[in-house]
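Student: So that you have it, the file is structure-v2.cif, and it contains mmCIF, C-alpha atoms, pLDDT in the B column; chains and numbers go by the auth columns:
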```cif
data_my_file
loop_
_atom_site.group_PDB
_atom_site.id
_atom_site.type_symbol
_atom_site.label_atom_id
_atom_site.label_comp_id
_atom_site.label_asym_id
_atom_site.label_seq_id
_atom_site.Cartn_x
_atom_site.Cartn_y
_atom_site.Cartn_z
_atom_site.B_iso_or_equiv
_atom_site.auth_seq_id
_atom_site.auth_asym_id
ATOM 1 C CA MET A 1 -70.806 -154.651 -143.293 58.00 1 X
ATOM 2 C CA LEU A 2 -70.430 -150.980 -144.175 65.00 2 X
ATOM 3 C CA GLN A 3 -74.182 -150.565 -144.545 72.00 3 X
ATOM 4 C CA GLY A 4 -74.717 -152.192 -141.153 75.00 4 X
ATOM 5 C CA PHE A 5 -72.166 -149.845 -139.588 73.00 5 X
ATOM 6 C CA ALA A 6 -73.849 -146.827 -141.180 74.00 6 X
ATOM 7 C CA ARG A 7 -77.239 -147.895 -139.806 80.00 7 X
ATOM 8 C CA LEU A 8 -75.856 -148.399 -136.301 78.00 8 X
ATOM 9 C CA SER A 9 -74.189 -144.987 -136.487 77.00 9 X
ATOM 10 C CA ALA A 10 -77.511 -143.399 -137.418 79.00 10 X
ATOM 11 C CA VAL A 11 -79.270 -145.144 -134.515 84.00 11 X
ATOM 12 C CA TYR A 12 -76.636 -144.342 -131.873 81.00 12 X
ATOM 13 C CA GLY A 13 -75.638 -140.879 -133.055 77.00 13 X
ATOM 14 C CA GLY A 14 -72.329 -141.744 -134.686 75.00 14 X
ATOM 15 C CA THR A 15 -70.665 -140.059 -137.653 71.00 15 X
ATOM 16 C CA TYR A 16 -69.522 -142.107 -140.629 73.00 16 X
ATOM 17 C CA MET A 17 -67.438 -141.304 -143.719 74.00 17 X
ATOM 18 C CA LEU A 18 -67.488 -144.027 -146.364 76.00 18 X
ATOM 19 C CA SER A 19 -65.244 -144.315 -149.441 80.00 19 X
ATOM 20 C CA LYS A 20 -63.491 -141.036 -148.692 86.00 20 X
ATOM 21 C CA PRO A 21 -60.198 -140.312 -150.503 91.00 21 X
ATOM 22 C CA GLU A 22 -56.910 -139.194 -148.899 92.00 22 X
ATOM 23 C CA CYS A 23 -58.028 -139.513 -145.284 94.00 23 X
ATOM 24 C CA LYS A 24 -55.744 -137.732 -142.810 96.00 24 X
ATOM 25 C CA VAL A 25 -55.736 -138.417 -139.083 97.00 25 X
ATOM 26 C CA GLU A 26 -55.824 -135.212 -137.028 97.00 26 X
ATOM 27 C CA PHE A 27 -54.052 -134.840 -133.674 98.00 27 X
ATOM 28 C CA ASP A 28 -54.544 -132.376 -130.805 97.00 28 X
ATOM 29 C CA MET A 29 -51.856 -130.490 -128.893 96.00 29 X
ATOM 30 C CA GLU A 30 -51.198 -133.550 -126.720 96.00 30 X
ATOM 31 C CA GLY A 31 -50.557 -135.756 -129.724 97.00 31 X
ATOM 32 C CA LYS A 32 -53.808 -137.678 -129.374 98.00 32 X
ATOM 33 C CA ALA A 33 -55.962 -138.521 -132.383 98.00 33 X
ATOM 34 C CA CYS A 34 -59.006 -136.290 -132.480 97.00 34 X
ATOM 35 C CA GLY A 35 -60.457 -136.615 -135.974 95.00 35 X
ATOM 36 C CA VAL A 36 -60.162 -137.717 -139.590 95.00 36 X
ATOM 37 C CA THR A 37 -60.156 -135.221 -142.458 96.00 37 X
ATOM 38 C CA SER A 38 -61.078 -135.857 -146.095 95.00 38 X
ATOM 39 C CA GLU A 39 -62.124 -133.438 -148.863 93.00 39 X
ATOM 40 C CA GLY A 40 -62.160 -130.536 -146.404 93.00 40 X
ATOM 41 C CA GLU A 41 -64.482 -132.274 -143.933 92.00 41 X
ATOM 42 C CA THR A 42 -63.348 -133.482 -140.507 93.00 42 X
ATOM 43 C CA ALA A 43 -65.116 -136.179 -138.517 90.00 43 X
ATOM 44 C CA LYS A 44 -64.315 -135.717 -134.820 92.00 44 X
ATOM 45 C CA CYS A 45 -63.448 -138.772 -132.746 91.00 45 X
ATOM 46 C CA LYS A 46 -61.813 -139.948 -129.531 93.00 46 X
ATOM 47 C CA LYS A 47 -60.053 -142.962 -131.030 94.00 47 X
ATOM 48 C CA VAL A 48 -58.854 -143.991 -134.492 95.00 48 X
ATOM 49 C CA VAL A 49 -58.822 -147.614 -135.624 94.00 49 X
ATOM 50 C CA CYS A 50 -57.067 -148.177 -138.953 94.00 50 X
ATOM 51 C CA ASP A 51 -54.671 -150.275 -140.990 95.00 51 X
ATOM 52 C CA PRO A 52 -50.969 -149.330 -141.395 97.00 52 X
ATOM 53 C CA SER A 53 -51.498 -147.363 -144.628 95.00 53 X
ATOM 54 C CA TYR A 54 -53.207 -144.510 -142.743 95.00 54 X
ATOM 55 C CA LEU A 55 -50.394 -143.898 -140.231 97.00 55 X
ATOM 56 C CA THR A 56 -47.158 -144.865 -141.950 97.00 56 X
ATOM 57 C CA ASN A 57 -45.058 -143.001 -139.365 97.00 57 X
ATOM 58 C CA LYS A 58 -46.372 -145.251 -136.583 98.00 58 X
ATOM 59 C CA VAL A 59 -45.551 -148.658 -138.111 98.00 59 X
ATOM 60 C CA ARG A 60 -42.512 -150.672 -139.118 98.00 60 X
ATOM 61 C CA LYS A 61 -41.932 -153.110 -141.950 98.00 61 X
ATOM 62 C CA ILE A 62 -41.749 -156.754 -140.840 97.00 62 X
ATOM 63 C CA GLY A 63 -41.633 -158.616 -144.145 96.00 63 X
ATOM 64 C CA LYS A 64 -43.271 -159.248 -147.499 97.00 64 X
ATOM 65 C CA VAL A 65 -46.039 -161.509 -148.766 98.00 65 X
ATOM 66 C CA ALA A 66 -45.918 -163.205 -152.164 98.00 66 X
ATOM 67 C CA ARG A 67 -49.323 -164.109 -153.580 98.00 67 X
ATOM 68 C CA ALA A 68 -50.699 -165.700 -156.731 98.00 68 X
ATOM 69 C CA ILE A 69 -54.370 -165.622 -157.759 98.00 69 X
ATOM 70 C CA ALA A 70 -55.525 -168.235 -160.255 98.00 70 X
ATOM 71 C CA ILE A 71 -58.799 -168.404 -162.190 98.00 71 X
ATOM 72 C CA MET A 72 -59.627 -171.980 -163.162 98.00 72 X
ATOM 73 C CA SER A 73 -62.399 -173.983 -164.799 98.00 73 X
ATOM 74 C CA HIS A 74 -62.029 -176.963 -162.457 98.00 74 X
ATOM 75 C CA PRO A 75 -61.419 -177.774 -158.783 97.00 75 X
ATOM 76 C CA ILE A 76 -57.912 -178.470 -157.517 98.00 76 X
ATOM 77 C CA PRO A 77 -56.938 -181.994 -158.659 97.00 77 X
ATOM 78 C CA ASN A 78 -56.938 -184.812 -156.098 96.00 78 X
ATOM 79 C CA THR A 79 -59.284 -183.005 -153.702 96.00 79 X
ATOM 80 C CA ASN A 80 -62.375 -185.140 -154.345 96.00 80 X
ATOM 81 C CA GLU A 81 -63.858 -182.428 -156.603 96.00 81 X
ATOM 82 C CA SER A 82 -64.134 -180.127 -153.583 97.00 82 X
ATOM 83 C CA HIS A 83 -65.346 -176.574 -154.157 97.00 83 X
ATOM 84 C CA SER A 84 -63.674 -175.355 -150.952 96.00 84 X
ATOM 85 C CA VAL A 85 -60.103 -176.382 -150.178 97.00 85 X
ATOM 86 C CA GLN A 86 -57.441 -175.314 -147.674 97.00 86 X
ATOM 87 C CA ILE A 87 -53.917 -176.732 -148.060 97.00 87 X
ATOM 88 C CA ILE A 88 -50.867 -175.930 -145.944 97.00 88 X
ATOM 89 C CA LEU A 89 -47.473 -176.948 -147.337 98.00 89 X
ATOM 90 C CA PRO A 90 -45.017 -177.347 -144.414 97.00 90 X
ATOM 91 C CA GLN A 91 -41.834 -175.311 -144.576 97.00 91 X
ATOM 92 C CA LYS A 92 -39.584 -178.350 -143.998 96.00 92 X
ATOM 93 C CA GLN A 93 -41.186 -180.161 -146.913 95.00 93 X
ATOM 94 C CA LEU A 94 -40.434 -177.183 -149.164 96.00 94 X
ATOM 95 C CA GLY A 95 -37.012 -176.305 -147.770 95.00 95 X
ATOM 96 C CA ARG A 96 -38.285 -172.881 -146.706 96.00 96 X
ATOM 97 C CA ASN A 97 -38.313 -170.814 -143.532 96.00 97 X
ATOM 98 C CA SER A 98 -42.124 -170.549 -143.504 96.00 98 X
ATOM 99 C CA ASP A 99 -45.184 -172.484 -144.669 97.00 99 X
ATOM 100 C CA MET A 100 -47.008 -171.984 -147.963 98.00 100 X
ATOM 101 C CA TYR A 101 -50.805 -171.724 -148.175 98.00 101 X
ATOM 102 C CA VAL A 102 -53.217 -172.775 -150.923 98.00 102 X
ATOM 103 C CA PHE A 103 -56.900 -171.886 -150.805 97.00 103 X
ATOM 104 C CA CYS A 104 -59.649 -172.486 -153.364 98.00 104 X
ATOM 105 C CA CYS A 105 -63.304 -171.463 -153.586 97.00 105 X
ATOM 106 C CA SER A 106 -65.778 -171.455 -156.480 97.00 106 X
ATOM 107 C CA TYR A 107 -68.958 -170.210 -158.070 97.00 107 X
ATOM 108 C CA THR A 108 -70.906 -172.089 -155.380 96.00 108 X
ATOM 109 C CA HIS A 109 -69.728 -169.385 -152.956 96.00 109 X
ATOM 110 C CA ASN A 110 -70.909 -166.607 -155.305 95.00 110 X
ATOM 111 C CA VAL A 111 -67.375 -165.319 -155.856 94.00 111 X
ATOM 112 C CA ALA A 112 -67.013 -166.308 -159.525 95.00 112 X
ATOM 113 C CA PRO A 113 -69.130 -166.934 -162.650 96.00 113 X
ATOM 114 C CA LYS A 114 -70.751 -170.355 -162.917 97.00 114 X
ATOM 115 C CA GLY A 115 -68.200 -173.063 -163.640 97.00 115 X
ATOM 116 C CA LYS A 116 -65.228 -171.024 -162.445 98.00 116 X
ATOM 117 C CA PHE A 117 -62.906 -171.572 -159.469 98.00 117 X
ATOM 118 C CA ILE A 118 -60.565 -169.097 -157.772 98.00 118 X
ATOM 119 C CA ALA A 119 -57.397 -170.272 -156.037 98.00 119 X
ATOM 120 C CA PHE A 120 -54.859 -168.383 -153.943 98.00 120 X
ATOM 121 C CA VAL A 121 -51.272 -169.404 -153.296 98.00 121 X
ATOM 122 C CA SER A 122 -49.388 -167.322 -150.724 98.00 122 X
ATOM 123 C CA ALA A 123 -46.246 -167.356 -148.617 98.00 123 X
ATOM 124 C CA GLU A 124 -43.922 -165.058 -146.743 97.00 124 X
ATOM 125 C CA ALA A 125 -41.606 -163.806 -149.486 97.00 125 X
ATOM 126 C CA GLU A 126 -38.063 -165.093 -149.067 96.00 126 X
ATOM 127 C CA SER A 127 -36.789 -163.849 -152.433 93.00 127 X
ATOM 128 C CA ASP A 128 -37.709 -161.410 -155.200 92.00 128 X
ATOM 129 C CA ASN A 129 -38.608 -164.210 -157.637 95.00 129 X
ATOM 130 C CA ILE A 130 -42.299 -164.530 -156.830 95.00 130 X
ATOM 131 C CA GLN A 131 -43.128 -167.026 -159.586 96.00 131 X
ATOM 132 C CA SER A 132 -40.368 -169.431 -158.620 95.00 132 X
ATOM 133 C CA GLU A 133 -41.094 -169.079 -154.920 96.00 133 X
ATOM 134 C CA LEU A 134 -44.788 -169.956 -155.273 98.00 134 X
ATOM 135 C CA LYS A 135 -44.236 -172.758 -157.811 97.00 135 X
ATOM 136 C CA PRO A 136 -44.800 -175.662 -155.343 97.00 136 X
ATOM 137 C CA GLY A 137 -48.283 -174.375 -154.566 98.00 137 X
ATOM 138 C CA ILE A 138 -49.125 -173.402 -158.149 98.00 138 X
ATOM 139 C CA ASP A 139 -48.132 -176.864 -159.366 98.00 139 X
ATOM 140 C CA LEU A 140 -50.967 -178.330 -157.283 98.00 140 X
ATOM 141 C CA LEU A 141 -53.614 -176.325 -159.136 98.00 141 X
ATOM 142 C CA GLY A 142 -53.483 -178.051 -162.494 97.00 142 X
ATOM 143 C CA PRO A 143 -54.257 -176.027 -165.671 97.00 143 X
ATOM 144 C CA VAL A 144 -55.252 -172.405 -164.997 98.00 144 X
ATOM 145 C CA ASP A 145 -57.141 -169.951 -167.206 98.00 145 X
ATOM 146 C CA GLU A 146 -55.458 -166.821 -165.829 98.00 146 X
ATOM 147 C CA LEU A 147 -52.719 -166.322 -163.253 98.00 147 X
ATOM 148 C CA PHE A 148 -51.904 -163.070 -161.452 98.00 148 X
ATOM 149 C CA PHE A 149 -48.986 -162.322 -159.121 97.00 149 X
ATOM 150 C CA ASP A 150 -48.622 -159.753 -156.366 96.00 150 X
ATOM 151 C CA MET A 151 -46.110 -158.912 -153.654 96.00 151 X
ATOM 152 C CA TYR A 152 -46.676 -156.446 -150.833 97.00 152 X
ATOM 153 C CA ASP A 153 -44.927 -155.274 -147.683 97.00 153 X
ATOM 154 C CA ARG A 154 -46.179 -156.214 -144.220 98.00 154 X
ATOM 155 C CA TYR A 155 -46.243 -153.759 -141.317 98.00 155 X
ATOM 156 C CA GLU A 156 -46.958 -153.821 -137.604 98.00 156 X
ATOM 157 C CA PRO A 157 -47.679 -150.879 -135.255 98.00 157 X
ATOM 158 C CA VAL A 158 -44.926 -149.413 -133.066 98.00 158 X
ATOM 159 C CA ASN A 159 -46.991 -146.704 -131.382 98.00 159 X
ATOM 160 C CA GLU A 160 -48.425 -146.666 -127.862 97.00 160 X
ATOM 161 C CA PRO A 161 -52.252 -146.446 -128.191 97.00 161 X
ATOM 162 C CA SER A 162 -52.657 -145.138 -124.646 95.00 162 X
ATOM 163 C CA LEU A 163 -50.637 -142.065 -125.644 97.00 163 X
ATOM 164 C CA ASP A 164 -52.029 -141.260 -129.103 98.00 164 X
ATOM 165 C CA ASN A 165 -55.432 -143.050 -129.193 97.00 165 X
ATOM 166 C CA CYS A 166 -54.434 -144.768 -132.446 98.00 166 X
ATOM 167 C CA PHE A 167 -55.197 -148.473 -132.768 97.00 167 X
ATOM 168 C CA ILE A 168 -53.450 -149.890 -135.826 98.00 168 X
ATOM 169 C CA SER A 169 -53.899 -153.398 -137.165 97.00 169 X
ATOM 170 C CA THR A 170 -51.073 -155.572 -138.442 97.00 170 X
ATOM 171 C CA SER A 171 -50.935 -156.143 -142.203 97.00 171 X
ATOM 172 C CA TYR A 172 -52.455 -159.338 -143.571 95.00 172 X
ATOM 173 C CA ASP A 173 -49.908 -162.144 -143.570 96.00 173 X
ATOM 174 C CA ALA A 174 -49.632 -165.098 -145.947 96.00 174 X
ATOM 175 C CA THR A 175 -52.099 -167.331 -144.090 96.00 175 X
ATOM 176 C CA THR A 176 -55.446 -167.987 -145.764 92.00 176 X
ATOM 177 C CA HIS A 177 -57.410 -169.365 -142.805 90.00 177 X
ATOM 178 C CA PHE A 178 -57.703 -165.976 -140.997 88.00 178 X
ATOM 179 C CA GLU A 179 -56.455 -167.288 -137.631 90.00 179 X
ATOM 180 C CA THR A 180 -53.838 -164.550 -137.259 93.00 180 X
ATOM 181 C CA THR A 181 -56.305 -161.907 -138.438 93.00 181 X
ATOM 182 C CA VAL A 182 -58.886 -162.966 -135.856 92.00 182 X
ATOM 183 C CA THR A 183 -56.222 -162.925 -133.136 93.00 183 X
ATOM 184 C CA ASP A 184 -55.202 -159.400 -134.171 95.00 184 X
ATOM 185 C CA VAL A 185 -58.829 -158.206 -134.085 93.00 185 X
ATOM 186 C CA LEU A 186 -59.401 -159.740 -130.638 93.00 186 X
ATOM 187 C CA ASN A 187 -56.224 -158.117 -129.301 94.00 187 X
ATOM 188 C CA MET A 188 -57.257 -154.732 -130.707 95.00 188 X
ATOM 189 C CA TYR A 189 -60.724 -155.098 -129.165 93.00 189 X
ATOM 190 C CA THR A 190 -59.145 -155.692 -125.760 95.00 190 X
ATOM 191 C CA MET A 191 -56.837 -152.691 -126.143 94.00 191 X
ATOM 192 C CA ILE A 192 -59.716 -150.438 -127.184 93.00 192 X
ATOM 193 C CA THR A 193 -62.344 -151.559 -124.670 93.00 193 X
ATOM 194 C CA GLY A 194 -60.334 -153.130 -121.860 93.00 194 X
ATOM 195 C CA LYS A 195 -62.527 -156.223 -122.206 91.00 195 X
ATOM 196 C CA THR A 196 -61.766 -159.720 -123.451 89.00 196 X
ATOM 197 C CA ILE A 197 -63.882 -162.024 -125.591 83.00 197 X
ATOM 198 C CA ASP A 198 -64.140 -165.748 -124.939 79.00 198 X
ATOM 199 C CA LEU A 199 -65.307 -167.035 -128.305 73.00 199 X
ATOM 200 C CA SER A 200 -66.022 -170.514 -126.935 73.00 200 X
ATOM 201 C CA VAL A 201 -68.499 -169.073 -124.428 67.00 201 X
ATOM 202 C CA ASP A 202 -70.011 -166.569 -126.861 58.00 202 X
ATOM 203 C CA LEU A 203 -70.455 -169.178 -129.599 53.00 203 X
ATOM 204 C CA SER A 204 -72.044 -171.625 -127.146 58.00 204 X
ATOM 205 C CA ALA A 205 -74.481 -168.942 -126.000 56.00 205 X
ATOM 206 C CA ALA A 206 -75.330 -168.049 -129.590 52.00 206 X
ATOM 207 C CA SER A 207 -75.897 -171.712 -130.445 54.00 207 X
ATOM 208 C CA ALA A 208 -78.155 -172.182 -127.427 54.00 208 X
ATOM 209 C CA ALA A 209 -80.154 -169.079 -128.321 50.00 209 X
ATOM 210 C CA GLU A 210 -80.557 -170.338 -131.893 50.00 210 X
ATOM 211 C CA GLU A 211 -81.817 -173.737 -130.696 55.00 211 X
ATOM 212 C CA GLU A 212 -84.278 -172.061 -128.324 52.00 212 X
ATOM 213 C CA TYR A 213 -85.522 -169.846 -131.122 48.00 213 X
#
```
Hey, can you dump this file as structure tokens for me?

Tutor:
Amino acid sequence: MLQGFARLSAVYGGTYMLSKPECKVEFDMEGKACGVTSEGETAKCKKVVCDPSYLTNKVRKIGKVARAIAIMSHPIPNTNESHSVQIILPQKQLGRNSDMYVFCCSYTHNVAPKGKFIAFVSAEAESDNIQSELKPGIDLLGPVDELFFDMYDRYEPVNEPSLDNCFISTSYDATTHFETTVTDVLNMYTMITGKTIDLSVDLSAASAAEEEY
């Protein structure tokens, strides 16, 4: 993706800065974003699109996500030996205020060494005991080779993009099917361009073009 962006920038005259440390968004006298500085170099721009970590003074905390990553030598039990699995545990079934998500992929997706499976268990954190909170999802995995836990804060933007030209995404939530992420991206696209995308129409057109080809 980054390489594709760099090539498009070269073709259309854009400026790109990849893997730069300590990036700082620059603002003009009117408070509008006008560039990004890193290692003494500033890339000029008219708009900044970023995640909450780049503009911490323009976001607010809205919760926490608890996540477990498991490395296994087998698929999730009782899933018909599937190498790709998506499970949603309803909040009422668990006695929680939000659902829990379990996702598994494997070496067939080129994300792990041959014979290995990677599973994720995630939920909106409702306590500080991450291991206990994620136990219902972890119990579905069967024996695991290695298990890692993580908890991180979630943020959403509170700025007005029309005033500062800053378009900030919302932090990843606990879902593992990317629906909320896609919705966030589509909303940001509309804010930035003033246009909307109808995925049903675009996908139909792409499918028709592929069949014609």

Student: Rank X:Cys105, X:Val185, X:Val65, X:Ile71 by their smallest atom-to-atom distance to Pro143 in chain X, using all atoms listed in the file, and report the top residue only.

Tutor: X:Ile71

Student: Might you spell out which residues the PyMOL selection byres ((chain X and resi 119-121) around 8) would select in the displayed file, as a PyMOL selection string?

Tutor: chain X and resi 67-72+100-105+117-118+122-123+134+137-138+141

Student: Convert the output of the PyMOL selection byres ((chain X and resi 1-17) around 9) on the shown file into explicit residues, formatted as a list in words.

Tutor: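 Applied to this file, the PyMOL selection byres ((chain X and resi 1-17) around 9) returns Leu18, Ser19, Lys20, Ser38, Ala43, Lys44 and Cys45 of chain X.
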
Student: How close does each residue of range 102-163 of chain X get to range 25-31 of chain X, giving the shortest atom pair and distance in Å to one decimal for every residue with an atom at most 12 Å away, counting all atoms listed in the file, sorted by chain and residue number, as a tab-separated table?

Tutor:
```
residue	atom	partner	partner_atom	distance
X:Asn159	CA	X:Gly31	CA	11.6
X:Glu160	CA	X:Gly31	CA	11.3
X:Pro161	CA	X:Gly31	CA	10.9
X:Ser162	CA	X:Gly31	CA	10.9
X:Leu163	CA	X:Gly31	CA	7.5
```

Student: Compile the contact shell of Leu186 in chain X as a PyMOL selection string: residues with an atom at most 12 Å away, counting all atoms listed in the file, same-chain residues fewer than 3 positions apart removed.

Tutor: chain X and resi 169+179-183+189-199

Student: For the selection you just gave me, I'd like the residues written to a file as a short mmCIF file (atom, residue, chain, number, x, y, z; two decimals), in the frame of the given file, keeping C-alpha atoms.

Tutor:
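Listing of out.cif after writing:
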```cif
data_model
loop_
_atom_site.label_atom_id
_atom_site.label_comp_id
_atom_site.auth_asym_id
_atom_site.auth_seq_id
_atom_site.Cartn_x
_atom_site.Cartn_y
_atom_site.Cartn_z
CA SER X 169 -53.90 -153.40 -137.16
CA GLU X 179 -56.46 -167.29 -137.63
CA THR X 180 -53.84 -164.55 -137.26
CA THR X 181 -56.30 -161.91 -138.44
CA VAL X 182 -58.89 -162.97 -135.86
CA THR X 183 -56.22 -162.93 -133.14
CA TYR X 189 -60.72 -155.10 -129.16
CA THR X 190 -59.14 -155.69 -125.76
CA MET X 191 -56.84 -152.69 -126.14
CA ILE X 192 -59.72 -150.44 -127.18
CA THR X 193 -62.34 -151.56 -124.67
CA GLY X 194 -60.33 -153.13 -121.86
CA LYS X 195 -62.53 -156.22 -122.21
CA THR X 196 -61.77 -159.72 -123.45
CA ILE X 197 -63.88 -162.02 -125.59
CA ASP X 198 -64.14 -165.75 -124.94
CA LEU X 199 -65.31 -167.04 -128.30
#
```

Student: In Å to one decimal, how far is CA of Arg154 in chain X from CA of Arg60 in chain X?

Tutor: 8.4 Å

Student: One number please: CA of Leu89 in chain X to CA of Leu140 in chain X, in Å, one decimal.

Tutor: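 Taking CA of Leu89 in chain X and CA of Leu140 in chain X, their separation equals 10.6 Å.
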
Student: Which centre and edge lengths in Å to one decimal define the box along x, y and z that fits every listed atom of range 50-59 of chain X plus 5 Å per side, as JSON?

Tutor:
```
{"center_x": -51.1, "center_y": -146.6, "center_z": -140.6, "size_x": 22.0, "size_y": 17.3, "size_z": 18.0}
```

Student: For a test of reading the model, state the distance in Å between CA of Thr37 in chain X and CA of Ser53 in chain X, rounded to one decimal.

Tutor: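 Here the two named atoms are 15.1 Å from each other.
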
Student: Taking the file above as input, evaluate the PyMOL selection byres ((chain X and resi 82) around 12) and report the hits as a list in words.

Tutor: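 Evaluating the PyMOL selection byres ((chain X and resi 82) around 12) on this file yields His74, Pro75, Ile76, Pro77, Asn78, Thr79, Asn80, Glu81, His83, Ser84, Val85, Gln86, Phe103, Cys104, Cys105, Ser106, Tyr107, Thr108 and Phe117 of chain X.
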
Student: Arg96 in chain X: which residues within 10 Å, counting all atoms listed in the file, same-chain residues fewer than 6 positions away excluded, as a list in words?

Tutor: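 With the cut-off at 10 Å, the set is Pro90, Ala123, Glu124, Glu126 and Glu133 of chain X.
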
Student: Pick from X:Ile168, X:Lys116, X:Asn187, X:Lys64: nearest to Asp150 in chain X, with all atoms listed in the file counted?

Tutor: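 Looking only at the distances to Asp150 in chain X, the closest residue turns out to be X:Lys64.
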
Student: Which of these, X:Cys23, X:Leu147, X:Ala66, X:Val59, has the shortest distance to Asn129 in chain X once you count all atoms listed in the file?

Tutor: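 Going through X:Cys23, X:Leu147, X:Ala66, X:Val59 one by one, the smallest distance to Asn129 in chain X is for X:Ala66.
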
Student: Under the rule that only C-alpha atoms are counted, which of X:Pro157, X:Gln91, X:Asp99, X:Lys24 is the nearest residue to Thr42 in chain X?

Tutor: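 For Thr42 in chain X, the nearest of the given residues is X:Lys24.
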
Student: With distances taken over only C-alpha atoms, which of X:Gly40, X:Gly95, X:Gly63, X:Gly35 is nearest to Thr170 in chain X?

Tutor: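 Smallest distance to Thr170 in chain X is found for X:Gly63.
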